[in-house]
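See structure below.
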Amino acid sequence: MIQFKSPREIERMAVAGEMVALTFQAIQPLIVPGTPTIEIDEAVRDSVHDLGGKPLFLGYHGFPAHSCISVNEQVVHGIPGPRKLQDGDLVSIDIGIGADGFCGDSARSFLIGEGSRSAIRTLEVCREALAAGIAAATPGNTLVELVQAIETSIRGAKLGLVEKYVGHGIGREMHEEPQVPNFVTKSLKQNDLELRPGLVLAIEPMVNGGTGDVYTLDDGWTVVTVDSEVSAHCEHTVAVTEEGPRVLTLAPGEAWPPIPGTPGQ
């Protein structure tokens, strides 16, 4: 069942969302060559603790870390460890925080240094797809229209759309109804719904520099591209309001879409 949130509940969700954004700001100085991904995860842990939140990923179905950190060919659910970031890497970091009974969930992708043409283009298209999905999260539109905006953006760029993983409703639980795929399925058409104020969604396209095909490593978590091409993952928690879409996972002063030249979002 879809849980529509009251304006007061959305304000409480914004508290959790701001914690996520502030945590991204806290770890930003570590997203440089030479940093082991486990060190970034430890900084996520410390930030969440200092902000008074709860890490949503740690222990979720047995996940062993506070954040998902996926580098280059890793698409999503990367486990932080000794791997050190290198110049040219495309790294996606996914963070979920609970606060005051509600959840915030966001993923941002970052280029380390200049990056390859493929990495730059993959990140650009992922951001554009997320921006298209957010723009479509307005009252009166349908979920199919939102998803179609994401799909059109990615397929029009002729890059790999990851179909295996989807966005989701979010609120008191990290994963709620409805599912938000990044391409229009037959099931979605049959179960389409009108976007109404109070609906809160985690919109999260995943874009590969090659094909959209992926598989999971033997660790049971890390998803990688089949052709070893780079991947980007961009996600925001977004509330449908009378005034239009409201991105809840931003810090004060942050903008979406990001200002050109900013390293990640």
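Going through the structure tokens in order, the chains are called A, B, and so on, while each chain numbers its residues from 1 and the ligands are numbered from 1 in the order shown.
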What lies within 12 Å of A:Gly209 using only C-alpha atoms, ignoring chain neighbours under 4 positions off, as a ChimeraX atom specification? /A:72-75,90,116-126,154-155,157-162,213-214,224-233
Only C-alpha atoms, please: the residues just picked out, written as a PDB file, in the first residue's frame.
ATOM      1  CA  ASN A  72      34.219   2.459 -12.126  1.00  0.00           C
ATOM      2  CA  GLU A  73      32.716  -0.834 -13.381  1.00  0.00           C
ATOM      3  CA  GLN A  74      30.898  -1.322 -10.069  1.00  0.00           C
ATOM      4  CA  VAL A  75      27.288  -0.205 -10.515  1.00  0.00           C
ATOM      5  CA  LEU A  90      34.192   7.379 -11.371  1.00  0.00           C
ATOM      6  CA  SER A 116      37.829   9.660 -19.405  1.00  0.00           C
ATOM      7  CA  ARG A 117      35.365  10.810 -22.058  1.00  0.00           C
ATOM      8  CA  SER A 118      33.262   7.755 -21.271  1.00  0.00           C
ATOM      9  CA  ALA A 119      33.222   8.519 -17.539  1.00  0.00           C
ATOM     10  CA  ILE A 120      32.350  12.180 -18.111  1.00  0.00           C
ATOM     11  CA  ARG A 121      29.538  11.325 -20.528  1.00  0.00           C
ATOM     12  CA  THR A 122      28.165   8.553 -18.302  1.00  0.00           C
ATOM     13  CA  LEU A 123      27.986  10.906 -15.316  1.00  0.00           C
ATOM     14  CA  GLU A 124      26.402  13.680 -17.385  1.00  0.00           C
ATOM     15  CA  VAL A 125      23.692  11.378 -18.719  1.00  0.00           C
ATOM     16  CA  CYS A 126      22.963   9.943 -15.269  1.00  0.00           C
ATOM     17  CA  ILE A 154      19.136   7.585 -21.119  1.00  0.00           C
ATOM     18  CA  ARG A 155      18.130   5.789 -24.303  1.00  0.00           C
ATOM     19  CA  ALA A 157      21.988   9.299 -25.201  1.00  0.00           C
ATOM     20  CA  LYS A 158      22.552   5.705 -26.412  1.00  0.00           C
ATOM     21  CA  LEU A 159      24.083   4.601 -23.135  1.00  0.00           C
ATOM     22  CA  GLY A 160      23.331   1.519 -21.031  1.00  0.00           C
ATOM     23  CA  LEU A 161      20.178   1.699 -18.926  1.00  0.00           C
ATOM     24  CA  VAL A 162      20.388  -0.661 -15.938  1.00  0.00           C
ATOM     25  CA  ASP A 213      23.831  -5.643 -18.563  1.00  0.00           C
ATOM     26  CA  VAL A 214      25.152  -6.348 -15.061  1.00  0.00           C
ATOM     27  CA  VAL A 224      29.279  -4.766 -11.902  1.00  0.00           C
ATOM     28  CA  THR A 225      28.930  -4.140 -15.635  1.00  0.00           C
ATOM     29  CA  VAL A 226      29.358  -7.237 -17.818  1.00  0.00           C
ATOM     30  CA  ASP A 227      31.640  -5.374 -20.246  1.00  0.00           C
ATOM     31  CA  SER A 228      33.737  -3.679 -17.516  1.00  0.00           C
ATOM     32  CA  GLU A 229      32.605  -0.222 -18.693  1.00  0.00           C
ATOM     33  CA  VAL A 230      32.093   2.500 -16.083  1.00  0.00           C
ATOM     34  CA  SER A 231      28.774   3.159 -14.370  1.00  0.00           C
ATOM     35  CA  ALA A 232      27.147   6.093 -12.556  1.00  0.00           C
ATOM     36  CA  HIS A 233      24.360   6.092  -9.947  1.00  0.00           C
TER      37      HIS A 233
END
Shortest interatomic distance to A:Ala131 - which of A:Met1, A:Ile170, A:Cys234, A:Leu217, counting only C-alpha atoms: A:Cys234
Write out as number ranges by chain which residues come within 8 Å of A:Gly81 when counting only C-alpha atoms, dropping same-chain ones fewer than 6 positions away. A: 36-38
Based on the selection just made, write N, CA and C atoms of those residues as a PDB file, in the first residue's frame.
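Ended up saving to part13.pdb:
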ATOM      1  N   PRO A  36      41.471   5.040   0.667  1.00  0.00           N
ATOM      2  CA  PRO A  36      40.782   3.740   0.640  1.00  0.00           C
ATOM      3  C   PRO A  36      39.286   3.964   0.843  1.00  0.00           C
ATOM      4  N   THR A  37      38.465   3.197   0.163  1.00  0.00           N
ATOM      5  CA  THR A  37      37.020   3.408   0.287  1.00  0.00           C
ATOM      6  C   THR A  37      36.524   3.137   1.696  1.00  0.00           C
ATOM      7  N   ILE A  38      37.213   2.278   2.451  1.00  0.00           N
ATOM      8  CA  ILE A  38      36.801   2.024   3.834  1.00  0.00           C
ATOM      9  C   ILE A  38      36.961   3.286   4.680  1.00  0.00           C
TER      10      ILE A  38
END
Name the closest residue to A:Glu128 among the candidates A:Leu188, A:Met206, A:Cys103, A:Ile31; distances are taken between atoms, counting only C-alpha atoms. A:Met206
Residues within 10 Å of A:Glu173, only C-alpha atoms, excluding chain neighbours under 3 positions, as a VMD selection string: chain A and resid 56 98 101 to 104 169 to 170 176 to 177
Non-local contacts of A:Asp94 (12 Å; only C-alpha atoms; under 3 positions in same chain excluded) as a PDB file with C-alpha atoms, in the first residue's frame:
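In the end it all went to part.pdb:
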ATOM      1  CA  VAL A  20      22.377  12.695   4.090  1.00  0.00           C
ATOM      2  CA  ALA A  21      23.418  15.834   2.211  1.00  0.00           C
ATOM      3  CA  THR A  23      27.248  13.710   5.263  1.00  0.00           C
ATOM      4  CA  PHE A  24      28.151  14.012   1.592  1.00  0.00           C
ATOM      5  CA  ILE A  40      35.235   7.137   3.356  1.00  0.00           C
ATOM      6  CA  ASP A  41      32.787   4.702   4.939  1.00  0.00           C
ATOM      7  CA  VAL A  44      30.126   8.372   6.832  1.00  0.00           C
ATOM      8  CA  PRO A  55      22.781   4.435   9.322  1.00  0.00           C
ATOM      9  CA  LEU A  56      20.153   2.595   7.307  1.00  0.00           C
ATOM     10  CA  PHE A  57      22.454   0.347   5.291  1.00  0.00           C
ATOM     11  CA  ALA A  65      29.000  -1.188   5.869  1.00  0.00           C
ATOM     12  CA  HIS A  66      27.475   2.248   6.499  1.00  0.00           C
ATOM     13  CA  SER A  67      27.461   3.204   2.815  1.00  0.00           C
ATOM     14  CA  CYS A  68      27.680   1.629  -0.618  1.00  0.00           C
ATOM     15  CA  ILE A  69      30.778   2.754  -2.530  1.00  0.00           C
ATOM     16  CA  SER A  70      31.004   1.588  -6.141  1.00  0.00           C
ATOM     17  CA  VAL A  71      34.036   2.411  -8.306  1.00  0.00           C
ATOM     18  CA  VAL A  75      27.288  -0.205 -10.515  1.00  0.00           C
ATOM     19  CA  VAL A  76      25.744  -0.374  -7.065  1.00  0.00           C
ATOM     20  CA  HIS A  77      26.060  -2.026  -3.614  1.00  0.00           C
ATOM     21  CA  GLY A  78      29.854  -1.845  -3.595  1.00  0.00           C
ATOM     22  CA  ILE A  79      31.324  -2.848  -0.221  1.00  0.00           C
ATOM     23  CA  PRO A  80      33.911  -0.359   1.119  1.00  0.00           C
ATOM     24  CA  VAL A  91      32.908   6.590  -7.874  1.00  0.00           C
ATOM     25  CA  ILE A  97      20.032   7.836   7.120  1.00  0.00           C
ATOM     26  CA  GLY A 104      16.519   9.837   3.640  1.00  0.00           C
ATOM     27  CA  ASP A 105      18.306   8.116   0.747  1.00  0.00           C
ATOM     28  CA  SER A 106      20.630   9.574  -1.877  1.00  0.00           C
ATOM     29  CA  ALA A 107      23.433   8.511  -4.197  1.00  0.00           C
ATOM     30  CA  ARG A 108      25.967  10.813  -5.794  1.00  0.00           C
ATOM     31  CA  SER A 109      28.639  10.047  -8.367  1.00  0.00           C
ATOM     32  CA  PHE A 110      32.015  11.784  -8.452  1.00  0.00           C
ATOM     33  CA  ALA A 202      13.651   7.748  -4.175  1.00  0.00           C
ATOM     34  CA  GLU A 204      17.649   6.631  -8.889  1.00  0.00           C
ATOM     35  CA  MET A 206      21.881   3.886 -12.999  1.00  0.00           C
ATOM     36  CA  ALA A 232      27.147   6.093 -12.556  1.00  0.00           C
ATOM     37  CA  HIS A 233      24.360   6.092  -9.947  1.00  0.00           C
ATOM     38  CA  CYS A 234      22.473   9.297  -9.077  1.00  0.00           C
ATOM     39  CA  GLU A 235      19.615   9.391  -6.562  1.00  0.00           C
ATOM     40  CA  HIS A 236      17.569  11.887  -4.598  1.00  0.00           C
ATOM     41  CA  THR A 237      14.608  11.568  -2.255  1.00  0.00           C
ATOM     42  CA  THR A 249      18.256  15.273   0.158  1.00  0.00           C
ATOM     43  CA  GLN A 265      25.537  15.016  -7.107  1.00  0.00           C
TER      44      GLN A 265
END
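Residues lying within 9 Å of A:Glu194, counting only C-alpha atoms and ignoring same-chain neighbours fewer than 2 positions away, are Pro139, Gly140, Asn141, Thr142, Leu143, Val144, Asp192 and Arg196 of chain A.
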Resulting file, chosen residues, C-alpha atoms, as a PDB file, in the first residue's frame:
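What follows is the written file part_37.pdb:
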ATOM      1  CA  PRO A 139       0.898  16.580  -9.326  1.00  0.00           C
ATOM      2  CA  GLY A 140      -1.258  15.392 -12.219  1.00  0.00           C
ATOM      3  CA  ASN A 141       1.519  13.506 -13.965  1.00  0.00           C
ATOM      4  CA  THR A 142       1.564   9.738 -13.746  1.00  0.00           C
ATOM      5  CA  LEU A 143       4.289   7.388 -12.596  1.00  0.00           C
ATOM      6  CA  VAL A 144       4.591   6.122 -16.180  1.00  0.00           C
ATOM      7  CA  ASP A 192       0.031   3.179 -13.272  1.00  0.00           C
ATOM      8  CA  ARG A 196      -0.412  13.226  -5.825  1.00  0.00           C
TER       9      ARG A 196
END
Apply DSSP to the structure's backbone, then extract all residues of stretch 122-203 of chain A labelled strand (DSSP E) and return them as a VMD selection string. chain A and resid 160 to 161 167 to 169 176 to 180 200 to 203
Deliver the residues from the most recent selection as a file, using N, CA and C atoms, as a PDB file, in the first residue's frame.
ATOM      1  N   GLY A 160      23.948   2.705 -21.619  1.00  0.00           N
ATOM      2  CA  GLY A 160      23.331   1.519 -21.031  1.00  0.00           C
ATOM      3  C   GLY A 160      22.417   1.848 -19.871  1.00  0.00           C
ATOM      4  N   LEU A 161      21.155   1.517 -19.992  1.00  0.00           N
ATOM      5  CA  LEU A 161      20.178   1.699 -18.926  1.00  0.00           C
ATOM      6  C   LEU A 161      20.115   0.416 -18.107  1.00  0.00           C
ATOM      7  N   GLY A 167      14.168   2.425  -8.419  1.00  0.00           N
ATOM      8  CA  GLY A 167      13.894   3.327  -7.311  1.00  0.00           C
ATOM      9  C   GLY A 167      12.669   2.839  -6.550  1.00  0.00           C
ATOM     10  N   HIS A 168      12.211   3.653  -5.590  1.00  0.00           N
ATOM     11  CA  HIS A 168      11.184   3.148  -4.684  1.00  0.00           C
ATOM     12  C   HIS A 168      10.538   4.278  -3.892  1.00  0.00           C
ATOM     13  N   GLY A 169       9.368   3.982  -3.366  1.00  0.00           N
ATOM     14  CA  GLY A 169       8.801   4.869  -2.373  1.00  0.00           C
ATOM     15  C   GLY A 169       9.646   4.838  -1.119  1.00  0.00           C
ATOM     16  N   GLU A 176       9.537   1.445   0.287  1.00  0.00           N
ATOM     17  CA  GLU A 176       8.083   1.375   0.331  1.00  0.00           C
ATOM     18  C   GLU A 176       7.561   1.292  -1.096  1.00  0.00           C
ATOM     19  N   GLU A 177       6.263   1.069  -1.214  1.00  0.00           N
ATOM     20  CA  GLU A 177       5.614   1.131  -2.526  1.00  0.00           C
ATOM     21  C   GLU A 177       5.465   2.596  -2.928  1.00  0.00           C
ATOM     22  N   PRO A 178       5.488   2.909  -4.225  1.00  0.00           N
ATOM     23  CA  PRO A 178       5.599   1.991  -5.358  1.00  0.00           C
ATOM     24  C   PRO A 178       7.052   1.822  -5.784  1.00  0.00           C
ATOM     25  N   GLN A 179       7.317   0.780  -6.568  1.00  0.00           N
ATOM     26  CA  GLN A 179       8.602   0.688  -7.232  1.00  0.00           C
ATOM     27  C   GLN A 179       8.679   1.756  -8.320  1.00  0.00           C
ATOM     28  N   VAL A 180       9.887   2.259  -8.544  1.00  0.00           N
ATOM     29  CA  VAL A 180      10.095   3.295  -9.571  1.00  0.00           C
ATOM     30  C   VAL A 180      11.185   2.804 -10.522  1.00  0.00           C
ATOM     31  N   VAL A 200       6.258  10.376  -1.786  1.00  0.00           N
ATOM     32  CA  VAL A 200       7.701  10.618  -1.704  1.00  0.00           C
ATOM     33  C   VAL A 200       8.425   9.425  -2.327  1.00  0.00           C
ATOM     34  N   LEU A 201       9.325   9.739  -3.253  1.00  0.00           N
ATOM     35  CA  LEU A 201      10.000   8.710  -4.033  1.00  0.00           C
ATOM     36  C   LEU A 201      11.513   8.879  -3.966  1.00  0.00           C
ATOM     37  N   ALA A 202      12.209   7.765  -3.952  1.00  0.00           N
ATOM     38  CA  ALA A 202      13.651   7.748  -4.175  1.00  0.00           C
ATOM     39  C   ALA A 202      13.851   7.426  -5.652  1.00  0.00           C
ATOM     40  N   ILE A 203      14.211   8.443  -6.413  1.00  0.00           N
ATOM     41  CA  ILE A 203      14.393   8.316  -7.858  1.00  0.00           C
ATOM     42  C   ILE A 203      15.875   8.088  -8.104  1.00  0.00           C
TER      43      ILE A 203
END
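Atom pair atom CA of A:Pro7 / atom CA of A:Pro197 has a distance of 8.9 Å (rounded to one decimal).
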May I ask for the distance between atom CA of A:Asp218 and atom CA of A:Gln86, given in Å to one decimal place? 23.8 Å
